[in-house]
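Trainee: The structure follows.
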Amino acid sequence: MKIDRGTPCLVTGASSGIGRAVALQLARRGARVALLARTETALEEVAAEVRQAGGEALVVAADVQDANAVASAVERTVETFGGLRLLVANAGLGRYALVEEQPAEHVETTISVNYVGMTRVVRAALPHLLTAAPSHVVGITSSAALIPHRLASAYCASKAASNAYLAALRLEVIDRGVGVSWVCPGVVDTPFVAKSELDPEADLPRLARLMVRTLKPDEVATAALSAVENNRAEVVLPWTMRMFAMSRRLAPRFADWLHRMTG
Ligand SMILES: NC(=O)c1ccc[n+]([C@@H]2O[C@H](COP(=O)([O-])OP(=O)(O)OC[C@H]3O[C@@H](n4cnc5c(N)ncnc54)[C@H](OP(=O)(O)O)[C@@H]3O)[C@@H](O)[C@H]2O)c1
């Protein structure tokens, strides 16, 4: 679908990083953007930036773990904007630990926010997206969905589940005018890594560190909006990460060996 002046959009995880960058790119096109995350003060700051950039902004603070709060946020968006045509499901977090040292809470929260939280937003938004078709859902998942790495079992699982869910959804709604995409970035320069207590130097595979550059949030936002406008299913970036993902699909034993040798 084409993103025009006035297109009603909802971006989750809009208070920071990739979500903020998507909201600002939408604003530059004159879109109407509902901003969802938990921290209202940060959302108000992004809302001011959205207005300054030429968009309309609505703050709908909610925790994606709370189904009622998500439903109210979607309803407020539809009431205020008169509909919903683009959902950017981006809210997420990372918890990293070896499986044998991982508190149960790590797995539960990671799945609840990254995967179940995304499905809550999609289910609340879908009736409105169907009514307003042509419309689109784009999920910001991760290259970790395609290339598992150590310390990240719960995170990789949450993102692989998200990819599978969105791929199934695409088949269900594509002939009813709703496009579905999932964007799988490698490492992105946002507060995400600091919040997760991951040490990229020590914890990320050495080969990936050497070969895959860190992305800017704006690059991911551009890729996501291009996926929407061209109705692309899966987008993996940067291209070196796409090569790693492809080699894992074509030669999984070789990919495992390479990962262990260089990890
Ligand atoms: N940065 C990377 O290296 C990287 C790589 C690949 C994929 N990703 C994915 O990209 C997405 C955005 O991450 P980012 O890098 O932009 O990180 P970020 O700057 O930490 O932003 C995360 C956003 O999600 C929101 N959020 C977290 N928990 C939430 C909850 N329970 N309910 C509602 N909102 C919640 C946060 O806002 P509040 O805390 O205010 O709720 C914030 O707006 C995530 O899904 C992440 O997994 C990131």
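In the structure tokens, chains take letters A, B, ... by order of appearance, with residues numbered from 1 within each chain and ligands from 1 in the order shown.
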Show me which residues are within 7 Å of ligand 1 counting only C-alpha atoms and all ligand atoms, and format the list as number ranges by chain.

Mentor: A: 12-19, 36-39, 42, 62-65, 90-94, 113-114, 140-143, 184-193, 195

Trainee: Would you put the residues from that selection into a file with C-alpha atoms, as a CSV table (one decimal), in the first residue's frame?

Mentor:
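Just written: selection20.csv:
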```csv
chain,number,residue,atom,x,y,z
A,12,THR,CA,4.4,0.1,18.9
A,13,GLY,CA,7.6,0.7,20.7
A,14,ALA,CA,7.5,4.2,19.4
A,15,SER,CA,9.2,5.9,22.4
A,16,SER,CA,12.7,4.9,21.4
A,17,GLY,CA,15.1,3.5,18.7
A,18,ILE,CA,13.6,1.9,15.6
A,19,GLY,CA,9.9,2.8,16.5
A,36,LEU,CA,2.4,3.2,21.7
A,37,ALA,CA,4.8,2.2,24.4
A,38,ARG,CA,4.7,2.1,28.2
A,39,THR,CA,6.6,5.4,29.0
A,42,ALA,CA,9.0,9.6,26.2
A,62,ALA,CA,0.0,0.8,26.9
A,63,ASP,CA,1.9,-2.3,27.9
A,64,VAL,CA,1.7,-4.9,25.1
A,65,GLN,CA,1.4,-7.5,27.9
A,90,ASN,CA,7.9,-3.1,16.8
A,91,ALA,CA,7.8,-3.2,20.7
A,92,GLY,CA,10.4,-5.6,22.1
A,93,LEU,CA,13.2,-6.3,24.5
A,94,GLY,CA,16.1,-8.6,24.9
A,113,VAL,CA,6.4,-9.0,25.1
A,114,ASN,CA,8.1,-9.9,21.8
A,140,ILE,CA,10.1,-5.6,13.3
A,141,THR,CA,11.5,-9.0,14.3
A,142,SER,CA,15.2,-9.8,14.1
A,143,SER,CA,17.9,-11.6,12.2
A,184,CYS,CA,14.8,-8.9,10.4
A,185,PRO,CA,17.6,-6.5,11.2
A,186,GLY,CA,21.0,-7.4,12.6
A,187,VAL,CA,22.5,-5.2,15.3
A,188,VAL,CA,21.0,-1.7,15.4
A,189,ASP,CA,22.4,1.3,17.2
A,190,THR,CA,19.6,1.9,19.8
A,191,PRO,CA,19.3,1.8,23.6
A,192,PHE,CA,18.2,-1.9,23.2
A,193,VAL,CA,21.6,-3.4,23.6
A,195,LYS,CA,19.0,-2.3,28.3
```

Trainee: For the structure I just gave you, how does DSSP split region 12-161 of chain A - specifically, which residues are strand (DSSP E)? Reply as a PyMOL selection string.

Mentor: chain A and resi 12+32-36+56-59+86-89+135-140

Trainee: In terms of the shortest atom-to-atom distance over only C-alpha atoms, which of A:Leu237, A:Ser153, A:Ala104, A:Arg95 is closest to Pro217 (chain A)?

Mentor: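 So, comparing all the options, the nearest one is A:Leu237.
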
Trainee: Please list as a ChimeraX atom specification every residue within 12 Å of region 239-254 of chain A, counting only C-alpha atoms and excluding residues in the same chain fewer than 3 positions away.

Mentor: /A:142-149,183-187,205,207-215,223,234-236,257-261

Trainee: With only C-alpha atoms as the basis for distance, which of A:Cys156, A:Leu225, A:Leu58, A:Ala194 is at the shortest distance from Glu45 (chain A)?

Mentor: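 Result for the nearest residue to Glu45 (chain A): A:Leu58.
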
Trainee: Counting only C-alpha atoms, which residue out of A:Gly179, A:Pro8, A:Pro103, A:Gly139 sits closest to Gly82 (chain A)?

Mentor: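 Among A:Gly179, A:Pro8, A:Pro103, A:Gly139, it is A:Pro8 that comes nearest to Gly82 (chain A).
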
Trainee: Quick one: of A:Ala125, A:Val60, A:Asp66, A:Gln102, who's nearest to Thr41 (chain A), counting only C-alpha atoms?

Mentor: A:Val60

Trainee: Could you pull the residues within 10 Å of His106 (chain A), counting only C-alpha atoms, minus those fewer than 5 positions along the same chain, as a list in words?

Mentor: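 Contacts, in chain order: Gly94, Arg95, Tyr96, Ala97, Val99, Ile111, Ser112, Ser153, Ala154 and Tyr155 of chain A.
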
Trainee: Which of these residues is nearest to Ser226 (chain A), using only C-alpha atoms: A:Arg5, A:His136, A:Arg76, A:Arg123?

Mentor: A:His136

Trainee: I'd like the contact shell of Glu229 (chain A) - 8 Å cut-off, only C-alpha atoms, skipping same-chain residues fewer than 5 positions apart - returned as a PyMOL selection string.

Mentor: chain A and resi 1-3

Trainee: Can you work out which one of A:Val74, A:Val220, A:Ala27, A:Ala227 has the shortest atom-to-atom distance to Pro127 (chain A), counting only C-alpha atoms?

Mentor: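 Of the candidates, the smallest distance to Pro127 (chain A) is held by A:Val74.
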
Trainee: Considering only helix (DSSP H, G or I) as DSSP defines it on the backbone, what residues of region 38-146 of chain A qualify? List them as a compact mmCIF listing (two decimals) with C-alpha atoms, in the first residue's frame.

Mentor:
```txt
# COMPACT_ATOMS: atom_id res chain seq x y z
CA GLU A 40 4.20 8.27 28.42
CA THR A 41 6.77 11.06 28.92
CA ALA A 42 9.04 9.61 26.22
CA LEU A 43 6.04 9.18 23.90
CA GLU A 44 5.09 12.85 24.42
CA GLU A 45 8.61 13.86 23.34
CA VAL A 46 8.36 11.74 20.18
CA ALA A 47 4.85 13.16 19.56
CA ALA A 48 6.31 16.68 19.61
CA GLU A 49 8.99 15.60 17.09
CA VAL A 50 6.32 13.99 14.88
CA ARG A 51 4.28 17.22 14.83
CA GLN A 52 7.40 19.25 14.07
CA ALA A 67 -4.64 -7.14 26.30
CA ASN A 68 -7.25 -4.63 27.56
CA ALA A 69 -4.80 -1.73 27.38
CA VAL A 70 -3.80 -2.75 23.85
CA ALA A 71 -7.45 -2.98 22.75
CA SER A 72 -8.18 0.50 24.20
CA ALA A 73 -5.10 1.96 22.48
CA VAL A 74 -6.23 0.57 19.12
CA GLU A 75 -9.83 1.80 19.66
CA ARG A 76 -8.60 5.32 20.57
CA THR A 77 -6.45 5.35 17.42
CA VAL A 78 -9.38 4.35 15.20
CA GLU A 79 -11.75 6.84 16.87
CA THR A 80 -9.25 9.71 16.57
CA PHE A 81 -7.99 9.01 13.05
CA VAL A 99 20.04 -21.59 29.17
CA GLU A 100 21.36 -23.23 32.35
CA GLU A 101 21.67 -19.85 34.09
CA ALA A 104 12.35 -18.52 34.15
CA GLU A 105 11.26 -14.87 34.08
CA HIS A 106 13.64 -14.25 31.14
CA VAL A 107 11.84 -16.72 28.92
CA GLU A 108 8.35 -15.73 30.06
CA THR A 109 8.84 -11.96 29.66
CA THR A 110 10.66 -12.26 26.35
CA ILE A 111 7.92 -14.44 24.82
CA SER A 112 5.16 -12.36 26.43
CA VAL A 113 6.43 -9.01 25.10
CA ASN A 114 8.10 -9.89 21.80
CA TYR A 115 5.77 -12.62 20.54
CA VAL A 116 2.47 -12.70 22.44
CA GLY A 117 2.53 -8.89 22.78
CA MET A 118 2.87 -8.57 19.01
CA THR A 119 -0.05 -10.99 18.46
CA ARG A 120 -2.21 -8.96 20.90
CA VAL A 121 -1.65 -5.80 18.89
CA VAL A 122 -2.21 -7.58 15.57
CA ARG A 123 -5.49 -9.17 16.74
CA ALA A 124 -6.82 -5.88 18.09
CA ALA A 125 -5.87 -4.03 14.88
CA LEU A 126 -6.83 -6.63 12.25
CA PRO A 127 -10.60 -5.97 12.01
CA HIS A 128 -9.84 -2.28 11.39
CA LEU A 129 -7.09 -3.05 8.87
CA LEU A 130 -9.48 -5.34 6.97
CA THR A 131 -12.16 -2.63 6.93
CA SER A 143 17.92 -11.65 12.22
CA ALA A 144 18.02 -13.73 15.45
CA ALA A 145 14.82 -15.35 14.13
```
